[in-house]
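Below: the structure, in structure tokens.
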Amino acid sequence: MFLVTEWHHENKTMIRMNTHNNKSEGSYLRVALLISAVLLLFSGGLIAQKTWTLEDCINYALENNIRVKQSDLDVKAGEVTQLQSKLDYLPSLNGSASHSYGWGRSIDLATYQYVNQQSMQSYFDLSSSLTLFNGFQKLNTLKKSRYDYLASKYNSDKIKNDISLAVAGYYLQILFSRELVSNAREQLDITQQQVDRTRKLVEAGTLAQGSLLDIQAQLANEEVSLVQAQNQLTLANLDLLQLLELQAGTEFSIEVPALSVNKAPELLPVDYIYNAALDVMPEIKSAELNYSSTDRALAIAKGTRSPSLSMNAGIGTNFSDQIRLSNIPTDPGYNETKPFSDQLRDNRSTTLSFRLSIPIFNGYQASSYISQSKLNLLNADYNLQLAKNTLRKNVETAYTDALAAYKSYQARQKSLNSLNESFKYTEQKFDVGMVNALDYNVAKNQLNVAESELLSAKYDFIFKLKVLDFYLGKSLTLADMKEFMND
């Protein structure tokens with residue numbers, strides 16, 4: 001049986017209701033419910049009336065699948081991190097203000113002597129700092145964030161590829177299951193005709209009653225086979241609906257092309273497919289970017305050994321109720337506090353400083369940081385090689401599987417042709433009583449099995465070809481299968 005292995009891979013209508021009274025409130029609510037019902041019926045009708053192609057299914061899954069949406073969030077988070085690493089080049093600017101009260105012994109800001117009295121001060125400050133040099137850590141951080149952002153985009157593409165392959169597999173599973181149902185129904189009709197023919201022969205006395213009972217048992221078995229095939233088709237539809245994030249029970253129909261294998265595949269050399277895959281597979285690009293990101297992380301670690309130079313600037317002022325209009329005790333202004341605005345102007349101060357920091361000894365933290373970064377870089381290199389090796393193995397396996405699937409299809413086709421001829425001969429002999437119902441049932445069961453195996457081999461072959469197209473960077477579609485398929 002053809003099995004699909006999953007790769008491990010609003011319109012919002014807002015109605016504003018002005019509730020002037022209970023009557024208008026109820027009217028608006030009824031209108032809202034009516035519009036909502038119409039929209040639901042309309043959207044459901046669109047899905048039910050639409051015939052989905054493979055491309056439609058893939059595009060819908062990429063727009064609605066939760067894993068894809070989560071990967072898009074990771075990309076946006078990487079974009080924010082990259083922007084922040086750019087903004088880190090800007091100088092910082094911070095302001096502060098404070099107001100305090102004091103009781104008891106304190107400095108008299110007018111005489112700079114200690115006094116015992118209540119005091120009140122306000123301080124205002126605006127400061128800025130800028131890193132001039134820190135071992136190129138900011139530059140390497142910017143590069144690293146750029147690599148991480150691009151890697152997250154390729155990781156998202158990898159998830160989209162996995163979803164696309166899974167959709168293609170489930171789509172082909174539905175086509176396979178539909179043909180199984182069709183074949184099972186056709187075989188059931190043939191057996192029903194044979195039951196009617198046998199009943200007439202039994203009634204005429206040509207055949208024994210046992211022959212009729214045996215062929216009726218065959219009919220019952222084929223009814224079971226039909227039910228099983230229908231259940232398999234239902235499950236295949238359910239698998240695809242779930243992958244598309246559609247609810248079970250949604251009316252859903254796909255395009256059913258009449259496909260038949262009519263020639264041997266002319267596959268490109270496996271090395272050519274692998275080299276092409278190296279250029280287009282997002283997991284390789286992601287591994288390469290992760291290596292580059294880890295390399296920049298090592299450069300950042302080495303930068304911690306470098307001296308750093310920073311510039312700081314500030315402007316501040318203050319107010320105190322201890323500052324008088326006059327510093328002369330005999331002057332009338334000695335007992336009056338200097339006005340707030342005058343103090344802000346007169347007490348203003350500006351600073352500009354440069355700070356050089358030289359790391360000398362910090363418990364070998366820098367050395368440990370660098371050693372760990374070197375190990376991470378080596379591991380990233382291994383991950384890159386592992387990704388390439390895994391890709392090569394997958395390409396080689398897919399290539400071998402495609403050839404084997406075609407050979408299997410050829411063998412199944414020959415077997416079915418032989419069993420068809422054998423069954424026709426057995427059926428003719430059964431009609432004239434030369435073989436019993438048991439031999440007839442055995443021959444028919446063999447034919448049914450051969451037909452199912454041929455269908456399985458056909459869709460297995462189609463899926464393997466699509467996998468090879470996937471590694472070549474081609475879109476997943478059945479429209480380009482005319483070279484191997486015909487209507």
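Labels for the structure tokens follow display order: chains A, B, ..., residues from 1 in each chain, ligands from 1.
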
Wanna dump the segment 376-446 of chain A-segment 205-209 of chain A contacts at 12 Å for me, each residue with its shortest atom pair and the distance in Å to one decimal, counting only C-alpha atoms, ordered by chain and number, as a tab-separated table?
residue	atom	partner	partner_atom	distance
A:Phe430	CA	A:Leu207	CA	10.0
A:Asp431	CA	A:Leu207	CA	9.7
A:Val432	CA	A:Thr206	CA	8.8
A:Gly433	CA	A:Leu207	CA	6.9
A:Met434	CA	A:Leu207	CA	10.3
A:Val435	CA	A:Leu207	CA	10.7
A:Asn436	CA	A:Leu207	CA	9.1
A:Ala437	CA	A:Leu207	CA	10.0

Can those selected residues be exported to a file as a compact mmCIF listing (two decimals), in the first residue's frame so that it contains N, CA and C atoms?
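Saved file result13.txt follows:
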# COMPACT_ATOMS: atom_id res chain seq x y z
N PHE A 430 -15.21 -21.10 -15.26
CA PHE A 430 -16.19 -21.11 -14.18
C PHE A 430 -17.61 -21.00 -14.73
N ASP A 431 -17.75 -20.17 -15.79
CA ASP A 431 -19.08 -19.98 -16.38
C ASP A 431 -19.65 -21.27 -16.96
N VAL A 432 -18.77 -22.15 -17.39
CA VAL A 432 -19.25 -23.43 -17.98
C VAL A 432 -19.08 -24.58 -17.01
N GLY A 433 -18.71 -24.27 -15.75
CA GLY A 433 -18.64 -25.31 -14.74
C GLY A 433 -17.38 -26.13 -14.74
N MET A 434 -16.33 -25.68 -15.41
CA MET A 434 -15.09 -26.46 -15.45
C MET A 434 -14.23 -26.23 -14.21
N VAL A 435 -14.42 -25.13 -13.49
CA VAL A 435 -13.73 -24.90 -12.22
C VAL A 435 -14.78 -24.52 -11.18
N ASN A 436 -14.44 -24.77 -9.93
CA ASN A 436 -15.39 -24.46 -8.88
C ASN A 436 -15.24 -23.01 -8.42
N ALA A 437 -16.15 -22.60 -7.53
CA ALA A 437 -16.17 -21.22 -7.05
C ALA A 437 -14.93 -20.88 -6.24

Self-check item: Thr294 of chain A environment, 8 Å, only C-alpha atoms, sequence neighbours closer than 6 positions dropped, as a ChimeraX atom specification
Solution: /A:144,373,376-377,380

Quiz prompt | Which of A:Arg305, A:Arg296, A:Lys160, A:Lys338 sits closest to Gln70 of chain A [using only C-alpha atoms] | solution =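 Of all the options, A:Lys160 lies closest to Gln70 of chain A.
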
Exercise. Compile the contact shell of Asn155 of chain A as a PyMOL selection string: residues with an atom at most 8 Å away, counting only C-alpha atoms, same-chain residues fewer than 2 positions apart removed.
Key: chain A and resi 71+151-153+157-159+282-283+286

Grab the residues selected above and save them as an mmCIF file, in the first residue's frame with C-alpha atoms.
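out-v2.cif, written as the output of this step:
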data_model
loop_
_atom_site.group_PDB
_atom_site.id
_atom_site.type_symbol
_atom_site.label_atom_id
_atom_site.label_comp_id
_atom_site.auth_asym_id
_atom_site.auth_seq_id
_atom_site.Cartn_x
_atom_site.Cartn_y
_atom_site.Cartn_z
ATOM 1 C CA SER A 71 8.558 30.336 11.818
ATOM 2 C CA ALA A 151 19.488 31.814 9.057
ATOM 3 C CA SER A 152 16.030 32.242 10.601
ATOM 4 C CA LYS A 153 14.638 33.014 7.127
ATOM 5 C CA ASP A 157 11.903 28.134 4.262
ATOM 6 C CA LYS A 158 12.887 24.665 5.492
ATOM 7 C CA ILE A 159 9.627 24.369 7.423
ATOM 8 C CA PRO A 282 17.506 26.118 2.869
ATOM 9 C CA GLU A 283 18.944 23.740 5.478
ATOM 10 C CA SER A 286 21.029 27.900 7.302
#

Quiz item: Hey, can you check how far atom CA of Ser306 of chain A sits from atom CA of Tyr147 of chain A?
Solution: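 Answer for the atom CA of Ser306 of chain A to atom CA of Tyr147 of chain A separation: 23.7 Å.
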
Quiz item: So which bits of segment 208-451 of chain A end up alpha helix (DSSP H) when you DSSP the backbone, as a VMD selection string?
Solution: chain A and resid 209 to 243 270 to 280 282 to 303 340 to 346 365 to 431 437 to 451

Practice problem: Name all residues at most 12 Å from Ile66 of chain A (count only C-alpha atoms; drop same-chain ones fewer than 3 positions away) and give them as a ChimeraX atom specification. | Solution: /A:60-63,69-73,156,159-160,163,242-246

Quiz item: Could you work out how far atom CA of Leu175 of chain A lies from atom CA of Ile273 of chain A, giving the answer in Å with one decimal?
Solution: 27.5 Å

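With distances restricted to only C-alpha atoms, A:Leu352 is the closest residue to Ser310 of chain A from A:Leu454, A:Leu289, A:Ala276, A:Leu352.
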
Exercise. May I ask which of the residues A:Gln84, A:Ser128, A:Asn183, A:Gln446 is the closest one to Tyr149 of chain A, counting only C-alpha atoms?
Key: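 Of A:Gln84, A:Ser128, A:Asn183, A:Gln446, the one nearest Tyr149 of chain A, counting only C-alpha atoms, is A:Gln84.
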
Quiz item: Nearest to Cys57 of chain A: which of A:Asp331, A:Glu255, A:Asp321, A:Glu288 is it, counting only C-alpha atoms?
Solution: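 Checking each candidate against Cys57 of chain A, we get A:Glu255 as the closest.
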
Quiz item: What gap, in Å, lies between atom CA of Leu142 of chain A and atom CA of Ser85 of chain A?
Solution: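 Spanning atom CA of Leu142 of chain A to atom CA of Ser85 of chain A is a straight-line distance of 5.1 Å.
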
Exercise. For Gln230 of chain A, work out the shell of residues within 10 Å, counting only C-alpha atoms and skipping chain neighbours fewer than 4 positions away, then give it as a PyMOL selection string.
Key: chain A and resi 177-178+180-182+184-185+224-226+234-236

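Among the candidates A:Leu455, A:Ser475, A:Asn94, A:Asp439, the residue lying nearest to Gln173 of chain A is A:Leu455 (atoms considered: only C-alpha atoms).
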
How close does each residue of segment 150-258 of chain A get to segment 459-473 of chain A, giving the shortest atom pair and distance in Å to one decimal for every residue with an atom at most 7 Å away, counting only C-alpha atoms, sorted by chain and residue number, as JSON lines?
{"residue": "A:Gly169", "atom": "CA", "partner": "A:Phe463", "partner_atom": "CA", "distance": 6.8}
{"residue": "A:Leu172", "atom": "CA", "partner": "A:Tyr459", "partner_atom": "CA", "distance": 6.6}
{"residue": "A:Phe176", "atom": "CA", "partner": "A:Tyr459", "partner_atom": "CA", "distance": 6.5}

Next, the residues of the selection above should be written as a PDB file, in the first residue's frame with N, CA and C atoms.
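Listed below is the output, result-v8.pdb:
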ATOM      1  N   GLY A 169       2.405  14.701  -0.470  1.00  0.00           N
ATOM      2  CA  GLY A 169       2.206  13.293  -0.119  1.00  0.00           C
ATOM      3  C   GLY A 169       0.769  12.969   0.194  1.00  0.00           C
ATOM      4  N   LEU A 172      -1.399  13.052  -3.023  1.00  0.00           N
ATOM      5  CA  LEU A 172      -1.267  11.809  -3.797  1.00  0.00           C
ATOM      6  C   LEU A 172      -1.922  10.641  -3.072  1.00  0.00           C
ATOM      7  N   PHE A 176      -4.564   8.148  -4.719  1.00  0.00           N
ATOM      8  CA  PHE A 176      -4.400   6.689  -4.620  1.00  0.00           C
ATOM      9  C   PHE A 176      -5.645   6.050  -4.005  1.00  0.00           C
TER      10      PHE A 176
END

Exercise. Would you mind listing what lies within 8 Å of Gln137 of chain A as a list in words, with only C-alpha atoms counted and same-chain residues fewer than 5 positions away left out?
Key: Ala299, Ile300, Gly303 and Thr304 of chain A
